[in-house]
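Undergrad: Structure file model.txt (compact mmCIF, C-alpha atoms) is given on the next line.
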```txt
# COMPACT_ATOMS: atom_id res chain seq x y z
CA LEU A 44 6.64 26.38 -85.49
CA ALA A 45 7.04 27.07 -81.81
CA PRO A 46 6.11 24.85 -78.88
CA THR A 47 3.70 26.55 -76.51
CA PRO A 48 5.61 27.65 -73.37
CA ARG A 49 4.46 25.72 -70.36
CA THR A 50 2.95 27.67 -67.49
CA GLY A 51 3.64 27.10 -63.84
CA VAL A 52 6.91 25.31 -64.43
CA ASP A 53 9.50 25.45 -61.67
CA ALA A 54 12.65 26.27 -63.63
CA ARG A 55 14.81 24.86 -60.86
CA ARG A 56 13.37 21.46 -61.73
CA ALA A 57 13.42 21.83 -65.49
CA PRO A 58 14.60 18.65 -67.25
CA CYS A 59 17.70 20.35 -68.61
CA GLY A 60 18.72 21.59 -65.17
CA ARG A 61 19.40 25.08 -66.52
CA VAL A 62 17.84 28.24 -65.12
CA TRP A 63 17.60 31.52 -67.04
CA ARG A 64 16.56 34.38 -64.81
CA ALA A 65 16.31 38.02 -65.77
CA ARG A 66 16.79 40.70 -63.17
CA SER A 67 14.08 42.43 -61.17
CA PRO A 68 11.71 44.90 -62.86
CA ARG A 69 13.26 48.07 -64.19
CA GLY A 70 11.81 51.53 -64.44
CA ASP A 71 13.15 53.62 -67.28
CA ARG A 72 13.59 51.07 -70.06
CA ALA A 73 15.29 53.45 -72.47
CA ALA A 74 17.96 54.29 -69.91
CA THR A 75 18.25 50.64 -69.02
CA ARG A 76 19.05 49.68 -72.59
CA GLU A 77 22.01 52.05 -72.61
CA ALA A 78 23.08 50.74 -69.23
CA ALA A 79 22.88 47.21 -70.57
CA VAL A 80 26.40 47.50 -71.94
CA GLY A 81 27.73 47.58 -68.39
CA PRO A 82 28.82 44.43 -66.54
CA ARG A 83 25.61 42.60 -65.65
CA ARG A 84 25.81 39.03 -64.46
CA HIS A 85 22.80 36.88 -65.26
CA GLN A 86 21.54 35.06 -62.19
CA THR A 87 21.83 31.58 -63.61
CA SER A 88 23.57 28.30 -63.00
CA HIS A 89 26.12 27.21 -65.59
CA THR A 90 26.95 23.93 -63.92
CA HIS A 91 25.06 21.91 -66.52
CA SER A 92 27.17 21.08 -69.56
CA ARG A 93 25.21 21.15 -72.80
CA ALA A 94 28.00 19.29 -74.54
CA SER A 95 28.14 16.38 -72.14
CA SER A 96 24.52 15.82 -71.17
CA PRO A 97 22.14 13.76 -73.29
CA SER A 98 19.21 15.55 -71.62
CA ARG A 99 20.15 18.83 -73.30
CA ALA A 100 17.46 18.23 -75.94
CA ALA A 101 14.86 19.05 -73.31
CA THR A 102 13.46 22.56 -73.01
CA THR A 103 13.92 25.06 -70.21
CA ARG A 104 11.76 27.88 -69.00
CA SER A 105 13.01 31.00 -67.25
CA THR A 106 11.64 32.63 -64.11
CA ARG A 107 12.42 36.00 -62.62
CA ASP A 108 13.93 36.39 -59.18
CA GLY A 109 11.59 37.66 -56.49
CA ALA A 110 9.49 40.37 -58.08
CA GLY A 111 9.02 38.33 -61.22
CA GLU A 112 6.71 35.94 -59.40
CA GLY A 113 3.96 38.58 -59.18
CA ASP A 114 1.23 38.47 -61.81
CA ALA A 115 1.38 42.26 -62.19
CA TYR A 116 4.91 42.00 -63.54
CA ARG A 117 4.76 38.60 -65.22
CA HIS A 118 2.20 39.72 -67.79
CA ARG A 119 4.56 42.46 -69.02
CA ARG A 120 7.16 39.97 -70.18
CA ARG A 121 7.05 38.45 -73.64
CA ALA A 122 7.13 34.69 -74.06
CA CYS A 123 9.95 33.59 -76.36
CA VAL A 124 11.10 30.25 -77.73
CA VAL A 125 14.85 30.10 -78.43
CA TYR A 126 15.82 27.45 -80.99
CA ASP A 127 19.46 26.77 -80.13
CA VAL A 128 20.89 24.56 -82.87
CA SER A 129 24.35 26.09 -82.65
CA ASP A 130 26.07 22.79 -81.86
CA ARG A 131 26.21 22.05 -85.62
CA LEU A 132 26.62 24.03 -88.85
CA THR A 133 23.38 25.23 -90.44
CA PRO A 134 23.50 26.31 -94.11
CA TYR A 135 22.60 29.97 -94.45
CA ASP A 136 19.64 29.24 -96.74
CA GLU A 137 18.13 26.85 -94.20
CA ALA A 138 18.33 29.35 -91.33
CA TRP A 139 17.02 32.05 -93.67
CA ALA A 140 13.98 29.90 -94.47
CA TRP A 141 13.38 29.32 -90.74
CA GLN A 142 13.47 33.06 -90.11
CA LYS A 143 10.96 33.80 -92.85
CA ALA A 144 8.63 31.02 -91.68
CA LEU A 145 8.74 32.27 -88.08
CA LEU A 146 8.23 35.82 -89.35
CA SER A 147 5.16 34.77 -91.33
CA ARG A 148 3.74 32.94 -88.32
CA ALA A 149 4.27 35.99 -86.10
CA LEU A 150 2.64 38.33 -88.63
CA ASP A 151 -0.37 36.01 -88.93
CA ALA A 152 -0.72 35.79 -85.13
CA GLY A 153 -0.53 39.55 -84.62
CA ASP A 154 -0.75 40.58 -80.97
CA ASP A 155 -1.06 36.93 -79.93
CA SER A 156 2.34 36.00 -81.40
CA VAL A 157 5.08 34.37 -79.33
CA ASP A 158 8.55 35.81 -79.82
CA ALA A 159 11.24 33.47 -81.13
CA ALA A 160 14.97 33.42 -81.78
CA LEU A 161 17.42 31.17 -83.59
CA ILE A 162 21.01 30.58 -82.48
CA VAL A 163 23.16 29.04 -85.19
CA GLN A 164 26.60 28.59 -86.69
CA HIS A 165 26.97 28.73 -90.47
CA PRO A 166 29.43 27.23 -92.93
CA PRO A 167 31.59 29.98 -94.51
CA THR A 168 29.14 32.45 -96.03
CA ILE A 169 29.43 36.05 -97.21
CA THR A 170 26.20 38.04 -96.98
CA LEU A 171 25.37 41.34 -98.62
CA GLY A 172 22.71 43.71 -97.36
CA THR A 173 19.91 45.02 -99.53
CA GLY A 174 21.86 48.03 -100.74
CA SER A 175 25.43 46.92 -100.12
CA THR A 176 28.03 47.14 -102.86
CA VAL A 177 30.01 44.26 -104.34
CA ASP A 178 33.02 46.59 -104.25
CA HIS A 179 33.60 45.30 -100.71
CA LEU A 180 34.13 41.76 -102.02
CA LYS A 181 37.73 40.86 -102.87
CA PHE A 182 36.64 38.19 -105.33
CA ASP A 183 34.21 37.80 -108.18
CA ALA A 184 30.74 37.41 -106.65
CA ASP A 185 30.01 34.68 -109.20
CA ALA A 186 33.18 32.75 -108.28
CA PRO A 187 33.61 32.87 -104.48
CA PRO A 188 36.53 31.19 -102.71
CA ASP A 189 36.32 27.41 -102.41
CA GLY A 190 33.90 26.39 -99.70
CA PHE A 191 32.24 29.82 -99.48
CA ALA A 192 28.70 30.83 -100.37
CA VAL A 193 27.51 34.36 -101.22
CA ARG A 194 23.99 35.56 -100.48
CA ARG A 195 22.23 38.91 -100.77
CA CYS A 196 19.58 39.26 -98.07
CA GLU A 197 17.06 41.76 -96.71
CA ARG A 198 19.07 43.23 -93.84
CA GLY A 199 20.77 46.59 -93.89
CA GLY A 200 24.53 47.06 -93.91
CA GLU A 201 27.47 46.04 -96.06
CA ALA A 202 29.27 42.75 -96.66
CA THR A 203 29.85 40.52 -93.67
CA TYR A 204 31.16 37.02 -92.99
CA HIS A 205 29.53 34.09 -91.20
CA GLY A 206 31.34 30.86 -90.43
CA PRO A 207 32.26 28.18 -87.90
CA GLY A 208 33.17 29.60 -84.52
CA GLN A 209 30.75 32.52 -84.87
CA LEU A 210 27.40 32.43 -83.04
CA VAL A 211 24.54 34.18 -84.82
CA VAL A 212 21.31 35.15 -83.03
CA TYR A 213 18.29 35.77 -85.25
CA PRO A 214 15.45 37.17 -83.09
CA ILE A 215 11.92 37.26 -84.45
CA LEU A 216 10.39 39.75 -82.01
CA ASN A 217 7.18 41.75 -82.17
CA LEU A 218 8.74 45.14 -81.46
CA ALA A 219 5.33 46.82 -81.28
CA ARG A 220 4.48 44.85 -78.15
CA ALA A 221 5.70 45.85 -74.69
CA PRO A 222 8.24 45.52 -73.23
CA HIS A 223 9.84 46.02 -76.67
CA GLN A 224 9.82 49.31 -78.57
CA ALA A 225 8.78 50.02 -82.15
CA ASP A 226 12.11 51.71 -82.83
CA LEU A 227 14.84 50.12 -84.94
CA HIS A 228 17.54 52.31 -83.37
CA TRP A 229 16.54 51.05 -79.93
CA TYR A 230 16.45 47.52 -81.28
CA MET A 231 19.94 47.69 -82.80
CA ARG A 232 21.38 49.17 -79.60
CA SER A 233 19.70 46.33 -77.68
CA LEU A 234 21.30 43.70 -79.94
CA GLU A 235 24.67 45.37 -79.36
CA ALA A 236 23.95 45.17 -75.64
CA VAL A 237 23.30 41.43 -75.96
CA ALA A 238 26.74 40.92 -77.53
CA LEU A 239 28.49 43.24 -75.08
CA GLY A 240 26.94 41.48 -72.09
CA ALA A 241 28.13 38.11 -73.41
CA MET A 242 31.62 39.44 -74.14
CA ARG A 243 32.03 40.68 -70.58
CA GLU A 244 30.62 37.46 -69.15
CA LEU A 245 33.24 35.53 -71.14
CA GLY A 246 36.05 37.43 -69.43
CA LEU A 247 36.89 40.34 -71.73
CA ASP A 248 37.97 43.59 -70.08
CA ALA A 249 34.72 45.38 -69.26
CA SER A 250 36.34 48.79 -69.52
CA ALA A 251 37.52 48.00 -73.08
CA CYS A 252 34.14 46.72 -74.32
CA GLY A 253 31.58 49.12 -75.74
CA ARG A 254 30.41 50.99 -78.81
CA ILE A 255 32.21 53.34 -81.19
CA GLU A 256 30.36 56.50 -82.09
CA GLY A 257 29.05 56.46 -85.64
CA LEU A 258 29.60 52.71 -86.08
CA THR A 259 27.34 49.77 -85.34
CA GLY A 260 28.34 46.57 -83.57
CA ALA A 261 30.05 45.53 -80.35
CA TRP A 262 33.72 46.42 -79.90
CA CYS A 263 36.58 45.59 -77.57
CA ASP A 264 39.83 47.53 -77.50
CA GLY A 265 39.19 48.85 -81.00
CA HIS A 266 38.33 45.42 -82.47
CA LYS A 267 34.88 44.68 -83.87
CA LEU A 268 33.67 41.43 -82.33
CA ALA A 269 29.98 41.53 -83.23
CA ALA A 270 28.11 42.77 -86.30
CA VAL A 271 24.45 43.81 -86.35
CA GLY A 272 22.12 43.83 -89.37
CA VAL A 273 18.34 43.86 -89.09
CA ARG A 274 15.08 44.06 -90.96
CA ALA A 275 11.48 44.33 -89.77
CA ARG A 276 8.06 43.83 -91.34
CA ARG A 277 5.16 45.49 -89.54
CA TRP A 278 7.54 45.78 -86.57
CA VAL A 279 8.38 42.07 -86.45
CA SER A 280 12.15 41.69 -86.63
CA TYR A 281 14.41 39.23 -88.42
CA HIS A 282 18.14 38.90 -89.14
CA GLY A 283 20.14 39.95 -86.06
CA VAL A 284 23.59 39.87 -84.42
CA ALA A 285 26.70 37.74 -85.02
CA LEU A 286 29.36 37.32 -82.30
CA ASN A 287 32.85 36.16 -83.24
CA VAL A 288 33.74 33.59 -80.59
CA CYS A 289 36.56 31.57 -82.18
CA PRO A 290 36.28 31.80 -85.99
CA ASN A 291 39.15 31.74 -88.46
CA LEU A 292 39.72 35.51 -88.64
CA ALA A 293 41.69 35.14 -91.88
CA HIS A 294 38.36 34.48 -93.62
CA PHE A 295 37.40 38.12 -93.04
CA ALA A 296 40.24 39.14 -95.38
CA HIS A 297 38.08 38.06 -98.34
CA ILE A 298 35.89 41.14 -97.81
CA VAL A 299 35.97 44.64 -96.38
CA PRO A 300 33.93 43.73 -93.27
CA CYS A 301 30.89 45.98 -92.97
CA GLY A 302 32.65 48.40 -95.30
CA ILE A 303 35.19 49.31 -92.58
CA ASP A 304 38.76 49.05 -93.86
CA ASP A 305 40.70 50.87 -91.15
CA ARG A 306 39.71 48.95 -87.99
CA PRO A 307 40.41 45.34 -87.06
CA VAL A 308 37.96 42.51 -86.76
CA GLY A 309 38.51 40.38 -83.67
CA SER A 310 37.07 37.48 -81.69
CA VAL A 311 36.57 36.56 -78.06
CA SER A 312 39.24 33.84 -78.34
CA GLN A 313 41.77 36.16 -80.00
CA MET A 314 41.18 38.94 -77.45
CA LEU A 315 41.53 36.55 -74.51
CA ARG A 316 44.88 35.38 -75.92
CA GLY A 317 46.05 38.98 -76.42
CA GLU A 318 46.62 38.51 -80.16
CA ALA A 319 46.04 41.01 -82.96
CA GLY A 320 42.95 40.94 -85.14
CA VAL A 321 42.54 41.32 -88.90
CA VAL A 322 42.41 44.58 -90.87
CA SER A 323 41.08 44.05 -94.40
CA ARG A 324 41.61 47.14 -96.52
CA SER A 325 39.73 48.29 -99.59
CA ASP A 326 42.84 49.02 -101.64
CA GLY A 327 42.86 45.53 -103.12
CA ALA A 328 45.30 43.79 -100.79
CA SER A 329 44.16 41.66 -97.89
CA THR A 330 46.12 43.06 -94.99
CA SER A 331 46.05 40.53 -92.20
CA VAL A 332 47.95 40.85 -88.96
CA ALA A 333 46.89 37.42 -87.78
CA SER A 334 48.03 34.12 -89.21
CA VAL A 335 45.62 31.48 -90.46
CA ARG A 336 44.18 30.01 -87.33
CA ALA A 337 43.96 26.28 -86.71
CA PRO A 338 41.17 24.96 -84.44
CA ARG A 339 42.14 24.88 -80.78
CA ASP A 340 41.36 22.21 -78.25
CA ASP A 341 39.45 24.68 -76.08
CA ASP A 342 37.18 25.99 -78.87
CA ASP A 343 34.24 23.71 -78.01
CA GLU A 344 34.37 24.72 -74.35
CA LEU A 345 34.50 28.43 -75.23
CA LEU A 346 31.61 28.05 -77.68
CA SER A 347 29.52 26.29 -75.04
CA ARG A 348 30.18 29.10 -72.56
CA ALA A 349 29.43 31.67 -75.25
CA ARG A 350 26.04 30.07 -76.00
CA ASP A 351 25.12 30.31 -72.34
CA ALA A 352 26.36 33.89 -72.09
CA LEU A 353 24.44 34.98 -75.20
CA ILE A 354 21.19 33.40 -74.06
CA ALA A 355 21.57 34.93 -70.61
CA SER A 356 22.29 38.38 -72.04
CA PHE A 357 19.42 38.06 -74.56
CA VAL A 358 16.94 37.17 -71.79
CA GLU A 359 18.22 40.01 -69.61
CA THR A 360 18.29 42.68 -72.30
CA PHE A 361 14.83 42.01 -73.73
CA ASP A 362 13.03 41.00 -70.49
CA LEU A 363 11.86 37.69 -71.91
CA ASP A 364 10.24 34.59 -70.47
CA VAL A 365 12.23 31.98 -72.38
CA GLU A 366 11.83 28.36 -73.32
CA ILE A 367 14.83 26.76 -74.99
CA SER A 368 14.49 24.12 -77.68
CA THR A 369 17.47 22.33 -79.18
CA SER A 370 15.44 21.20 -82.18
CA ALA A 371 15.02 23.20 -85.35
CA PRO A 372 11.66 24.89 -85.94
CA GLU A 373 9.14 22.71 -87.72
CA LEU A 374 8.14 24.38 -90.98
```
What would the structure in this file look like if it were written as structure tokens?
TA:
Amino acid sequence: LAPTPRTGVDARRAPCGRVWRARSPRGDRAATREAAVGPRRHQTSHTHSRASSPSRAATTRSTRDGAGEGDAYRHRRRACVVYDVSDRLTPYDEAWAWQKALLSRALDAGDDSVDAALIVQHPPTITLGTGSTVDHLKFDADAPPDGFAVRRCERGGEATYHGPGQLVVYPILNLARAPHQADLHWYMRSLEAVALGAMRELGLDASACGRIEGLTGAWCDGHKLAAVGVRARRWVSYHGVALNVCPNLAHFAHIVPCGIDDRPVGSVSQMLRGEAGVVSRSDGASTSVASVRAPRDDDDELLSRARDALIASFVETFDLDVEISTSAPEL
């Protein structure tokens, strides 16, 4: 499923020309995870364009600045293969099957497992958590809107939307192995930190980005830009975090997103333009304060930057030694 990460590779000479470096070693990891929502720039070069280079299909390995070169620190970091296939739409069922296959491989490998993550975009899909109610759907679950799929999956949480312009990260991490923690609350806060780090890197107001007490996800100026829903088996995680980069926000009006009907859903693109988001209420009407959004010429460029920002924030937040593959996992 996962190519074995190469050892001794100089990331500065990696075929893809892209370097992913986490910061220097940190002491109190629990405190660091809370601090991860602050503005933290990943020490990496973004001069290579994944959209324009045919060599993007190569893989890249990360190294750590300075202190990371020491064997005493290197062995603490988990190897991770990131399958970034987000340059096309992946049906939800296909990505779901990849997750479960990677999960099974990790469970079989035990302590010798290599962490993995998927980065994808989906066609329009509504997902329901294990215990979520269909009352948050504004349509008959057996007759979804044209072009939409509906799936009930293993994650926690209520109804949510996936679609083009949204980047979803599905990490398959062995949380029982250092430097991770066997704690789902810690894990969910870390996924929020991944989204928040990317949002700030993409130019959103750092002072407006953060969490809202009592609610999950990553927020900016009262708008929910990223949703989190997870599951773990024997402390190996699957499902993950979805960041709205430039989706059609009107699609969220088909549901009560995450069961929250009094706060707007937003996107990086919408926030950068200073436009209003979408509030979808549970009283039957779809209350949208944003018009149906046509694709913009700069969407591809923003998505490319968002991929880089998410990978950088993921590496930084989880202290990973990452190899990037632009091929799907082999089942």
Undergrad: Using all atoms listed in the file, can you tell me which of A:Val279, A:Ala293, A:Val177, A:Leu239 comes closest to Asp158 in chain A?
TA: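 Distance minimum relative to Asp158 in chain A lands on A:Val279.
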Undergrad: Distance CA of Trp229 in chain A-CA of Leu146 in chain A, one decimal place?
TA: 19.7 Å
Undergrad: Taking only C-alpha atoms into account, which of A:Thr203, A:Asn291, A:Ser233, A:Ser347 comes nearest His179 in chain A?
TA: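 With only C-alpha atoms as the atom set, the closest residue is A:Thr203.
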Undergrad: For Arg220 in chain A, which of A:Ile169, A:Leu132, A:Ala149, A:Leu180 is the closest residue, counting all atoms listed in the file?
TA: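 Checking each candidate against Arg220 in chain A, we get A:Ala149 as the closest.
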Undergrad: Given the point (13.3, 38.0, -84.3) in the coordinates of this file, which residues lie within 9 Å, counting only C-alpha atoms, and how would they look as a list in words?
TA: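 Those within range, by chain then number, are Gln142, Leu145, Leu146, Asp158, Ala159, Ala160, Leu161, Val212, Tyr213, Pro214, Ile215, Leu216, Asn217, Leu218, Ala275, Val279, Ser280, Tyr281, His282 and Gly283 of chain A.
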Undergrad: Residues within 12 Å of Gly260 in chain A, please, as an mmCIF file with C-alpha atoms, keeping the file's coordinate frame. Count only C-alpha atoms; anything in the same chain fewer than 3 positions from it doesn't count.
TA:
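Listing of part-v8.cif after writing:
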```
data_model
loop_
_atom_site.group_PDB
_atom_site.id
_atom_site.type_symbol
_atom_site.label_atom_id
_atom_site.label_comp_id
_atom_site.auth_asym_id
_atom_site.auth_seq_id
_atom_site.Cartn_x
_atom_site.Cartn_y
_atom_site.Cartn_z
ATOM 1 C CA VAL A 80 26.400 47.500 -71.940
ATOM 2 C CA GLY A 200 24.530 47.060 -93.910
ATOM 3 C CA THR A 203 29.850 40.520 -93.670
ATOM 4 C CA MET A 231 19.940 47.690 -82.800
ATOM 5 C CA ARG A 232 21.380 49.170 -79.600
ATOM 6 C CA SER A 233 19.700 46.330 -77.680
ATOM 7 C CA LEU A 234 21.300 43.700 -79.940
ATOM 8 C CA GLU A 235 24.670 45.370 -79.360
ATOM 9 C CA ALA A 236 23.950 45.170 -75.640
ATOM 10 C CA VAL A 237 23.300 41.430 -75.960
ATOM 11 C CA ALA A 238 26.740 40.920 -77.530
ATOM 12 C CA LEU A 239 28.490 43.240 -75.080
ATOM 13 C CA CYS A 252 34.140 46.720 -74.320
ATOM 14 C CA GLY A 253 31.580 49.120 -75.740
ATOM 15 C CA ARG A 254 30.410 50.990 -78.810
ATOM 16 C CA ILE A 255 32.210 53.340 -81.190
ATOM 17 C CA GLU A 256 30.360 56.500 -82.090
ATOM 18 C CA GLY A 257 29.050 56.460 -85.640
ATOM 19 C CA CYS A 263 36.580 45.590 -77.570
ATOM 20 C CA GLY A 265 39.190 48.850 -81.000
ATOM 21 C CA HIS A 266 38.330 45.420 -82.470
ATOM 22 C CA LYS A 267 34.880 44.680 -83.870
ATOM 23 C CA LEU A 268 33.670 41.430 -82.330
ATOM 24 C CA ALA A 269 29.980 41.530 -83.230
ATOM 25 C CA ALA A 270 28.110 42.770 -86.300
ATOM 26 C CA VAL A 271 24.450 43.810 -86.350
ATOM 27 C CA GLY A 272 22.120 43.830 -89.370
ATOM 28 C CA VAL A 273 18.340 43.860 -89.090
ATOM 29 C CA GLY A 283 20.140 39.950 -86.060
ATOM 30 C CA VAL A 284 23.590 39.870 -84.420
ATOM 31 C CA ALA A 285 26.700 37.740 -85.020
ATOM 32 C CA LEU A 286 29.360 37.320 -82.300
ATOM 33 C CA ASN A 287 32.850 36.160 -83.240
ATOM 34 C CA PRO A 300 33.930 43.730 -93.270
ATOM 35 C CA CYS A 301 30.890 45.980 -92.970
ATOM 36 C CA ILE A 303 35.190 49.310 -92.580
ATOM 37 C CA VAL A 308 37.960 42.510 -86.760
ATOM 38 C CA GLY A 309 38.510 40.380 -83.670
#
```
Undergrad: Hey, which of A:Asp343, A:His297, A:Arg148, A:Ala202 ends up closest to Ser323 in chain A? Count only C-alpha atoms.
TA: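 Among A:Asp343, A:His297, A:Arg148, A:Ala202, it is A:His297 that comes nearest to Ser323 in chain A.
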Undergrad: Distance CA of His205 in chain A-CA of Leu315 in chain A, one decimal place?
TA: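 Separation between CA of His205 in chain A and CA of Leu315 in chain A: 20.7 Å.
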